[in-house]
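Next comes final_7.txt, with compact mmCIF, C-alpha atoms.
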```txt
# COMPACT_ATOMS: atom_id res chain seq x y z
CA MET A 27 -29.32 -23.42 12.88
CA GLN A 28 -27.21 -24.75 15.76
CA GLU A 29 -25.23 -27.02 13.46
CA ARG A 30 -24.45 -24.13 11.13
CA ILE A 31 -23.18 -21.90 13.92
CA PHE A 32 -21.25 -24.81 15.40
CA TRP A 33 -19.04 -25.47 12.39
CA ILE A 34 -18.62 -21.78 11.62
CA ASP A 35 -17.44 -21.02 15.16
CA ASN A 36 -14.99 -23.92 14.97
CA LEU A 37 -13.61 -22.77 11.64
CA LYS A 38 -13.34 -19.10 12.65
CA GLY A 39 -11.51 -20.12 15.80
CA PHE A 40 -9.13 -22.29 13.81
CA ILE A 41 -8.39 -19.49 11.34
CA LEU A 42 -7.68 -17.00 14.13
CA LEU A 43 -5.42 -19.56 15.81
CA LEU A 44 -3.46 -19.89 12.56
CA VAL A 45 -3.11 -16.09 12.46
CA CYS A 46 -1.71 -16.00 15.99
CA ILE A 47 0.69 -18.88 15.33
CA ALA A 48 1.97 -17.13 12.20
CA HIS A 49 2.58 -13.89 14.12
CA ILE A 50 4.47 -15.73 16.85
CA GLY A 51 6.71 -17.33 14.24
CA LEU A 52 5.79 -21.00 14.56
CA PHE A 53 5.48 -23.35 11.56
CA PRO A 54 6.32 -20.65 8.99
CA ASN A 55 6.04 -22.95 5.96
CA ILE A 56 2.58 -24.21 6.90
CA CYS A 57 1.36 -20.73 7.78
CA ASP A 58 2.64 -19.36 4.48
CA PHE A 59 0.96 -22.21 2.59
CA LEU A 60 -2.41 -21.39 4.18
CA LYS A 61 -2.02 -17.61 4.11
CA GLY A 62 -3.97 -17.01 0.92
CA ALA A 63 -7.03 -18.85 2.22
CA ARG A 64 -7.09 -17.70 5.84
CA MET A 65 -8.61 -14.25 5.69
CA THR A 66 -10.60 -14.82 2.49
CA THR A 67 -12.35 -17.65 4.34
CA PHE A 68 -12.94 -15.37 7.33
CA PHE A 69 -14.61 -12.74 5.13
CA TYR A 70 -16.60 -15.49 3.41
CA LEU A 71 -17.92 -16.72 6.77
CA SER A 72 -18.74 -13.16 7.85
CA GLY A 73 -20.78 -12.73 4.69
CA PHE A 74 -22.42 -16.10 5.27
CA LEU A 75 -23.67 -14.81 8.63
CA PHE A 76 -24.72 -11.41 7.28
CA SER A 77 -28.29 -10.54 8.25
CA THR A 78 -30.42 -7.39 8.26
CA ARG A 79 -33.36 -8.93 10.09
CA LYS A 80 -32.74 -6.80 13.18
CA TYR A 81 -31.64 -3.73 11.23
CA PRO A 82 -34.28 -2.56 8.75
CA THR A 83 -32.56 0.78 8.10
CA PHE A 84 -29.02 1.67 7.11
CA ILE A 85 -28.59 3.88 10.20
CA SER A 86 -29.54 1.08 12.59
CA TYR A 87 -27.14 -1.32 10.84
CA TRP A 88 -24.34 1.28 10.82
CA ARG A 89 -24.76 1.88 14.55
CA SER A 90 -24.60 -1.83 15.24
CA LYS A 91 -21.38 -2.25 13.28
CA TYR A 92 -19.91 0.91 14.76
CA HIS A 93 -20.33 -0.44 18.29
CA SER A 94 -19.16 -3.98 17.49
CA LEU A 95 -16.34 -3.24 15.00
CA LEU A 96 -15.29 0.35 14.37
CA TYR A 97 -15.31 1.64 17.95
CA PRO A 98 -13.31 -1.33 19.35
CA TYR A 99 -10.90 -1.03 16.41
CA LEU A 100 -10.19 2.64 17.14
CA ILE A 101 -9.89 2.22 20.92
CA LEU A 102 -7.75 -0.92 20.86
CA SER A 103 -5.55 0.36 18.04
CA LEU A 104 -4.81 3.58 19.90
CA LEU A 105 -4.16 1.71 23.14
CA PHE A 106 -1.90 -0.96 21.68
CA ALA A 107 -0.06 1.50 19.47
CA LEU A 108 0.82 3.44 22.61
CA LEU A 109 2.04 0.47 24.67
CA PRO A 110 4.81 -0.79 22.35
CA LEU A 111 6.04 2.76 21.80
CA ALA A 112 6.30 3.11 25.56
CA LEU A 113 8.34 -0.11 25.66
CA ARG A 114 10.56 1.04 22.84
CA GLU A 115 11.27 4.41 24.43
CA ASN A 116 11.80 2.88 27.88
CA PRO A 117 15.50 2.29 28.66
CA ILE A 118 14.59 -0.91 30.53
CA PHE A 119 13.35 -2.53 27.31
CA ALA A 120 15.61 -0.89 24.72
CA SER A 121 19.26 -1.60 25.49
CA LYS A 122 20.63 1.24 23.34
CA TRP A 123 18.88 3.72 25.68
CA ILE A 124 19.93 2.13 28.98
CA TYR A 125 22.65 4.71 29.52
CA SER A 126 20.87 7.52 27.72
CA PHE A 127 18.41 9.64 29.66
CA ASN A 128 17.84 12.42 27.17
CA LEU A 129 14.22 12.65 28.26
CA PRO A 130 13.11 15.62 26.10
CA THR A 131 14.35 13.91 22.93
CA ASN A 132 12.68 10.66 23.83
CA VAL A 133 9.42 12.37 24.69
CA LYS A 134 9.49 14.28 21.41
CA ASN A 135 10.14 11.11 19.42
CA PHE A 136 7.38 9.35 21.34
CA ILE A 137 4.82 12.08 20.63
CA ASN A 138 5.74 12.39 16.94
CA THR A 139 5.59 8.64 16.39
CA TYR A 140 2.30 8.31 18.21
CA ILE A 141 0.73 11.12 16.18
CA ILE A 142 1.76 9.31 13.01
CA SER A 143 0.27 6.12 14.44
CA ILE A 144 -3.05 7.87 15.09
CA ILE A 145 -3.20 9.12 11.50
CA ASP A 146 -2.46 5.63 10.20
CA ILE A 147 -5.10 4.06 12.44
CA ILE A 148 -7.80 6.49 11.33
CA GLN A 149 -7.01 5.63 7.71
CA GLY A 150 -7.17 1.90 8.43
CA TYR A 151 -3.44 1.37 7.97
CA SER A 152 -2.70 0.20 11.48
CA PHE A 153 0.70 -1.23 10.61
CA ARG A 154 2.44 -1.13 13.97
CA GLN A 155 3.48 -4.60 15.04
CA THR A 156 0.95 -4.86 17.86
CA THR A 157 -1.98 -3.25 16.04
CA GLU A 158 -1.49 -4.70 12.57
CA PRO A 159 -3.73 -7.75 13.19
CA LEU A 160 -6.66 -5.39 13.76
CA TRP A 161 -6.71 -4.41 10.08
CA PHE A 162 -9.36 -7.04 9.37
CA VAL A 163 -11.71 -5.48 11.96
CA TYR A 164 -11.56 -2.14 10.14
CA THR A 165 -11.93 -3.80 6.73
CA LEU A 166 -14.80 -5.97 7.96
CA PHE A 167 -16.61 -2.83 9.10
CA GLN A 168 -16.13 -1.18 5.70
CA THR A 169 -17.13 -4.32 3.81
CA SER A 170 -20.25 -4.90 5.90
CA ILE A 171 -21.47 -1.34 5.45
CA LEU A 172 -20.86 -1.38 1.70
CA PHE A 173 -22.50 -4.76 1.27
CA TYR A 174 -25.59 -3.59 3.16
CA GLY A 175 -26.24 -1.16 0.33
CA ILE A 176 -25.46 -3.70 -2.39
CA ASN A 177 -27.80 -6.24 -0.83
CA LYS A 178 -30.67 -3.75 -1.14
CA ILE A 179 -30.35 -3.73 -4.94
CA PRO A 180 -33.46 -5.47 -6.31
CA TYR A 181 -31.77 -7.25 -9.24
CA THR A 182 -29.50 -10.25 -8.59
CA PHE A 183 -27.32 -9.71 -11.64
CA LEU A 184 -26.57 -6.15 -10.45
CA LYS A 185 -25.57 -7.46 -7.02
CA PHE A 186 -23.09 -9.87 -8.59
CA ALA A 187 -21.90 -7.14 -10.94
CA CYS A 188 -21.01 -5.05 -7.85
CA LEU A 189 -19.16 -7.97 -6.25
CA PHE A 190 -17.12 -8.76 -9.35
CA GLY A 191 -16.63 -5.05 -9.92
CA GLY A 192 -15.14 -4.78 -6.45
CA LEU A 193 -12.85 -7.72 -7.12
CA GLY A 194 -11.84 -6.12 -10.41
CA LEU A 195 -10.97 -2.86 -8.66
CA GLY A 196 -8.98 -4.75 -6.06
CA TRP A 197 -7.08 -6.61 -8.77
CA TYR A 198 -6.44 -3.41 -10.72
CA CYS A 199 -4.95 -1.80 -7.60
CA ASN A 200 -2.81 -4.89 -7.04
CA LYS A 201 -1.56 -4.99 -10.63
CA TYR A 202 -0.57 -1.32 -10.79
CA SER A 203 0.46 -0.95 -7.11
CA ILE A 204 -2.22 1.66 -6.44
CA ILE A 205 -2.80 2.56 -2.79
CA LEU A 206 -6.23 3.99 -2.07
CA PRO A 207 -7.13 5.91 1.11
CA LEU A 208 -8.94 4.25 4.01
CA HIS A 209 -7.59 0.82 3.09
CA MET A 210 -10.10 0.57 0.26
CA ASN A 211 -7.82 -1.67 -1.84
CA THR A 212 -8.37 -4.56 0.48
CA MET A 213 -12.02 -3.60 1.08
CA PHE A 214 -12.87 -4.02 -2.62
CA THR A 215 -11.22 -7.44 -2.74
CA SER A 216 -12.81 -8.59 0.53
CA LEU A 217 -16.24 -7.45 -0.66
CA PHE A 218 -16.27 -10.22 -3.26
CA PHE A 219 -15.67 -13.00 -0.71
CA PHE A 220 -18.09 -11.44 1.78
CA GLY A 221 -20.84 -11.32 -0.85
CA ILE A 222 -20.18 -14.81 -2.17
CA GLY A 223 -20.51 -16.05 1.40
CA GLN A 224 -23.99 -14.53 1.66
CA TYR A 225 -25.23 -15.72 -1.71
CA SER A 226 -23.91 -19.29 -1.47
CA GLN A 227 -25.83 -20.20 1.71
CA THR A 228 -28.25 -22.41 -0.22
CA TYR A 229 -25.45 -24.57 -1.60
CA ILE A 230 -23.30 -24.98 1.51
CA LYS A 231 -25.60 -27.68 2.92
CA TYR A 232 -24.50 -30.03 0.10
CA ILE A 233 -20.79 -29.81 0.91
CA LYS A 234 -20.80 -32.30 3.78
CA ASN A 235 -22.07 -35.04 1.49
CA ASN A 236 -19.31 -34.39 -1.04
CA ILE A 237 -16.24 -35.08 1.11
CA TYR A 238 -14.65 -37.03 -1.77
CA PHE A 239 -13.97 -33.68 -3.49
CA ILE A 240 -11.42 -32.84 -0.82
CA PHE A 241 -8.44 -34.52 -2.49
CA PRO A 242 -8.87 -32.85 -5.92
CA THR A 243 -9.35 -29.56 -4.07
CA ILE A 244 -6.06 -30.03 -2.21
CA ILE A 245 -4.30 -30.62 -5.53
CA ILE A 246 -5.84 -27.47 -7.08
CA TYR A 247 -5.00 -25.41 -4.02
CA THR A 248 -1.40 -26.64 -3.91
CA LEU A 249 -0.80 -26.00 -7.61
CA ALA A 250 -2.34 -22.53 -7.34
CA TYR A 251 -0.16 -21.78 -4.32
CA TYR A 252 3.05 -22.53 -6.21
CA LYS A 253 1.91 -20.80 -9.42
CA GLY A 254 0.19 -17.70 -8.05
CA GLY A 255 3.05 -15.90 -6.36
CA TYR A 256 2.96 -14.07 -3.04
CA ILE A 257 -0.55 -13.35 -1.73
CA ASP A 258 -1.22 -11.16 1.29
CA LEU A 259 -4.70 -9.68 1.72
CA ILE A 260 -3.69 -7.06 4.27
CA ASN A 261 -1.64 -5.22 1.62
CA ASN A 262 -3.90 -6.35 -1.24
CA ASN A 263 -1.06 -8.36 -2.77
CA LEU A 264 -3.01 -10.81 -4.93
CA GLY A 265 -0.25 -12.54 -6.86
CA ASN A 266 0.57 -12.40 -10.56
CA SER A 267 -2.45 -14.13 -12.13
CA PHE A 268 -6.11 -13.27 -11.66
CA ILE A 269 -7.29 -16.80 -12.52
CA ILE A 270 -4.74 -18.42 -10.23
CA PHE A 271 -5.76 -16.04 -7.43
CA LEU A 272 -9.41 -17.06 -7.78
CA LEU A 273 -8.52 -20.77 -7.88
CA TYR A 274 -6.23 -20.42 -4.88
CA THR A 275 -8.69 -18.55 -2.66
CA THR A 276 -11.92 -20.30 -3.64
CA SER A 277 -10.39 -23.78 -3.42
CA GLY A 278 -8.97 -22.84 0.00
CA ILE A 279 -12.38 -21.66 1.20
CA PHE A 280 -14.03 -24.83 -0.11
CA LEU A 281 -11.34 -26.96 1.53
CA PHE A 282 -11.72 -25.35 4.95
CA ILE A 283 -15.52 -25.53 4.86
CA THR A 284 -15.56 -29.14 3.65
CA ILE A 285 -13.23 -30.31 6.39
CA PHE A 286 -14.95 -28.45 9.22
CA LYS A 287 -18.46 -29.35 8.17
CA TYR A 288 -17.37 -32.98 8.10
CA ILE A 289 -15.58 -33.10 11.46
CA SER A 290 -17.48 -30.53 13.53
CA PHE A 291 -20.09 -33.01 14.76
CA LYS A 292 -17.33 -34.47 16.96
CA ASP A 293 -17.65 -32.27 20.02
CA ASN A 294 -14.46 -32.33 22.07
CA ILE A 295 -12.06 -30.05 23.91
CA ILE A 296 -10.26 -28.97 20.72
CA PHE A 297 -13.44 -27.62 19.16
CA GLY A 298 -14.31 -26.04 22.50
CA ILE A 299 -11.04 -24.11 22.35
CA PHE A 300 -11.77 -23.05 18.77
CA ARG A 301 -15.19 -21.75 19.80
CA ASN A 302 -13.70 -19.79 22.70
CA ILE A 303 -11.18 -18.21 20.34
CA SER A 304 -14.03 -17.29 18.00
CA ARG A 305 -16.05 -15.69 20.81
CA ASN A 306 -13.04 -13.72 22.05
CA ALA A 307 -11.53 -13.01 18.64
CA LEU A 308 -11.16 -9.26 19.11
CA ILE A 309 -9.23 -9.67 22.37
CA ILE A 310 -6.99 -12.48 21.18
CA VAL A 311 -6.10 -10.89 17.86
CA CYS A 312 -5.24 -7.65 19.61
CA VAL A 313 -3.25 -8.77 22.67
CA HIS A 314 -1.23 -11.67 21.24
CA SER A 315 0.96 -9.36 19.13
CA PHE A 316 1.67 -7.12 22.10
CA TYR A 317 2.73 -10.07 24.24
CA ALA A 318 4.87 -11.45 21.42
CA LEU A 319 6.63 -8.09 21.15
CA SER A 320 7.12 -7.76 24.90
CA PHE A 321 8.61 -11.27 24.98
CA ASP A 322 11.13 -10.33 22.30
CA LYS A 323 12.07 -7.23 24.30
CA LEU A 324 12.44 -9.07 27.60
CA PHE A 325 13.84 -12.49 26.73
CA TYR A 326 16.04 -14.33 24.27
CA ALA A 327 14.46 -17.74 24.01
CA ASN A 328 13.05 -20.11 21.42
CA CYS A 329 9.54 -20.07 19.97
CA PHE A 330 8.24 -22.71 22.38
CA TYR A 331 8.73 -20.44 25.40
CA LYS A 332 7.40 -17.52 23.40
CA LEU A 333 4.26 -19.52 22.60
CA LEU A 334 3.83 -20.48 26.25
CA TYR A 335 4.30 -16.88 27.39
CA VAL A 336 1.81 -15.51 24.85
CA LEU A 337 -0.68 -18.28 25.64
CA VAL A 338 -0.66 -17.67 29.40
CA CYS A 339 -0.84 -13.88 29.05
CA THR A 340 -3.66 -14.09 26.52
CA ILE A 341 -5.72 -16.43 28.72
CA ILE A 342 -5.32 -13.98 31.61
CA SER A 343 -6.34 -11.08 29.35
CA ILE A 344 -9.62 -12.63 28.22
CA PRO A 345 -11.48 -12.36 31.58
CA ILE A 346 -9.92 -8.93 32.19
CA PHE A 347 -11.49 -7.58 29.02
CA ARG A 348 -14.77 -9.51 29.25
CA CYS A 349 -15.35 -8.73 32.96
CA TYR A 350 -13.80 -5.28 33.45
CA LEU A 351 -12.88 -3.65 30.13
CA TYR A 352 -15.86 -4.97 28.20
CA LYS A 353 -16.91 -1.50 27.02
CA LEU A 354 -13.65 -1.16 25.10
CA ILE A 355 -14.57 -4.11 22.89
CA GLY A 356 -18.28 -3.36 22.52
CA LYS A 357 -19.35 -6.40 24.55
CA LYS A 358 -21.59 -7.03 27.55
CA LYS A 359 -20.10 -7.94 30.89
CA ILE A 360 -19.86 -11.66 31.60
CA SER A 361 -18.36 -13.77 34.37
CA ILE A 362 -14.82 -15.14 34.41
CA LYS A 363 -16.21 -18.65 34.02
CA GLU A 364 -18.20 -17.67 30.94
CA SER A 365 -15.27 -15.87 29.36
CA LEU A 366 -13.04 -18.96 29.62
CA SER A 367 -15.74 -21.51 28.81
CA ILE A 368 -14.95 -24.03 26.07
CA LYS A 369 -18.52 -25.34 25.79
```
As structure tokens:
Amino acid sequence: MQERIFWIDNLKGFILLLVCIAHIGLFPNICDFLKGARMTTFFYLSGFLFSTRKYPTFISYWRSKYHSLLYPYLILSLLFALLPLALRENPIFASKWIYSFNLPTNVKNFINTYIISIIDIIQGYSFRQTTEPLWFVYTLFQTSILFYGINKIPYTFLKFACLFGGLGLGWYCNKYSIILPLHMNTMFTSLFFFGIGQYSQTYIKYIKNNIYFIFPTIIIYTLAYYKGGYIDLINNNLGNSFIIFLLYTTSGIFLFITIFKYISFKDNIIFGIFRNISRNALIIVCVHSFYALSFDKLFYANCFYKLLYVLVCTIISIPIFRCYLYKLIGKKKISIKESLSIK
């Protein structure tokens, strides 16, 4: 059990680090190459860890996910949608308003924009720059709740029919550019990877002994990347070929898992950092975009200084949320030492 959690925490931390690096603007080619496998792997791992042992009823499970996912999503989205708007409307941060103090107009624009942001957030389309990374929290909540019901179906073939049906709906929406309410396009697609993660637990233990499959997998993944077109799960953009999309995402998941199951027995500071990122995922995903935006408003410097600024501010934010604002993220209060631990 410990070994399983160990490699999963390492991999989740690595994926979230890739997400942050991509949003900051570092290594764009590498981040784009791995984009199609990042969040599909995250949903796969979430499904792998899915359990109803503590939640025998749907209501008890819903309450658990509400407190750990939906409530933090709503609170943090509203908070971090407000902050960048305040920066944008503040003459100190927006040069075109430095000599303009038309306060009523600015206040009106601020209120109108924030109301629109609230409507978007409630629907799951939190597409402001600082709140956009939280989309996966909302989608993970939806996917978990839906899968709870599917997992109660007594017949295995019907469970898989639901998973492939969800993937089919997601692909149909992608092909015909259909936008469903409540971000359901992406939910249907993510449901497939979430479910496959749960139902492939028995076979994952064999991956570590098959490391020699890694090189053919890299070849498949690379070819699928160049053939499949643009893939972006947040907008349910799945490329131009259903088969290529499946090859691209599944080979990427297999590649990530194979590598991390093979190397995760080597306990060192790097893996400790990955595990800390995994434990504080909600905080890191939320605040890093705000700090990246504030850096762009305040300074004109290269990505290295931007990375350093975001890194320092994020590290400071972790104990603030875990020790003082823990209720906003649905967590229990812990010490500063625990919040920054890399063990």
Item checked: Distance query Lys332 of chain A at most 9 Å, only C-alpha atoms, self and fewer than 3 positions along chain excluded, as a PyMOL selection string -> chain A and resi 50+317-318+321-322+325+327-329+335-337
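With distances restricted to all atoms listed in the file, A:Tyr288 is the closest residue to Tyr232 of chain A from A:Tyr288, A:Leu324, A:Leu43, A:Thr248.
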Check: Pick the closest to Tyr70 of chain A from A:Phe316, A:Phe219, A:Tyr87, A:Tyr247: which is it, counting only C-alpha atoms?
Finding: A:Phe219
Next item on the list: Identify the residues around (-6.7, -21.0, -10.2) within a radius of 9 Å, measuring from only C-alpha atoms in the coordinates stated by the file, and give them as a list of chain:residue names.
Entry: A:Ile246, A:Tyr247, A:Leu249, A:Ala250, A:Tyr251, A:Lys253, A:Gly254, A:Ser267, A:Phe268, A:Ile269, A:Ile270, A:Phe271, A:Leu272, A:Leu273, A:Tyr274, A:Thr275, A:Thr276, A:Ser277
Checklist line | Nearest candidate to Leu172 of chain A (options A:Phe280, A:Tyr198, A:Trp88, A:Phe106; using all atoms listed in the file) | finding: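 Looking at the shortest contact to Leu172 of chain A, the residue is A:Trp88.
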Check: Skipping near chain neighbours, those fewer than 6 positions away, what residues fall within 10 Å of Ser361 of chain A using all atoms listed in the file, listed as a PyMOL selection string?
Finding: chain A and resi 345-346+348-350+367
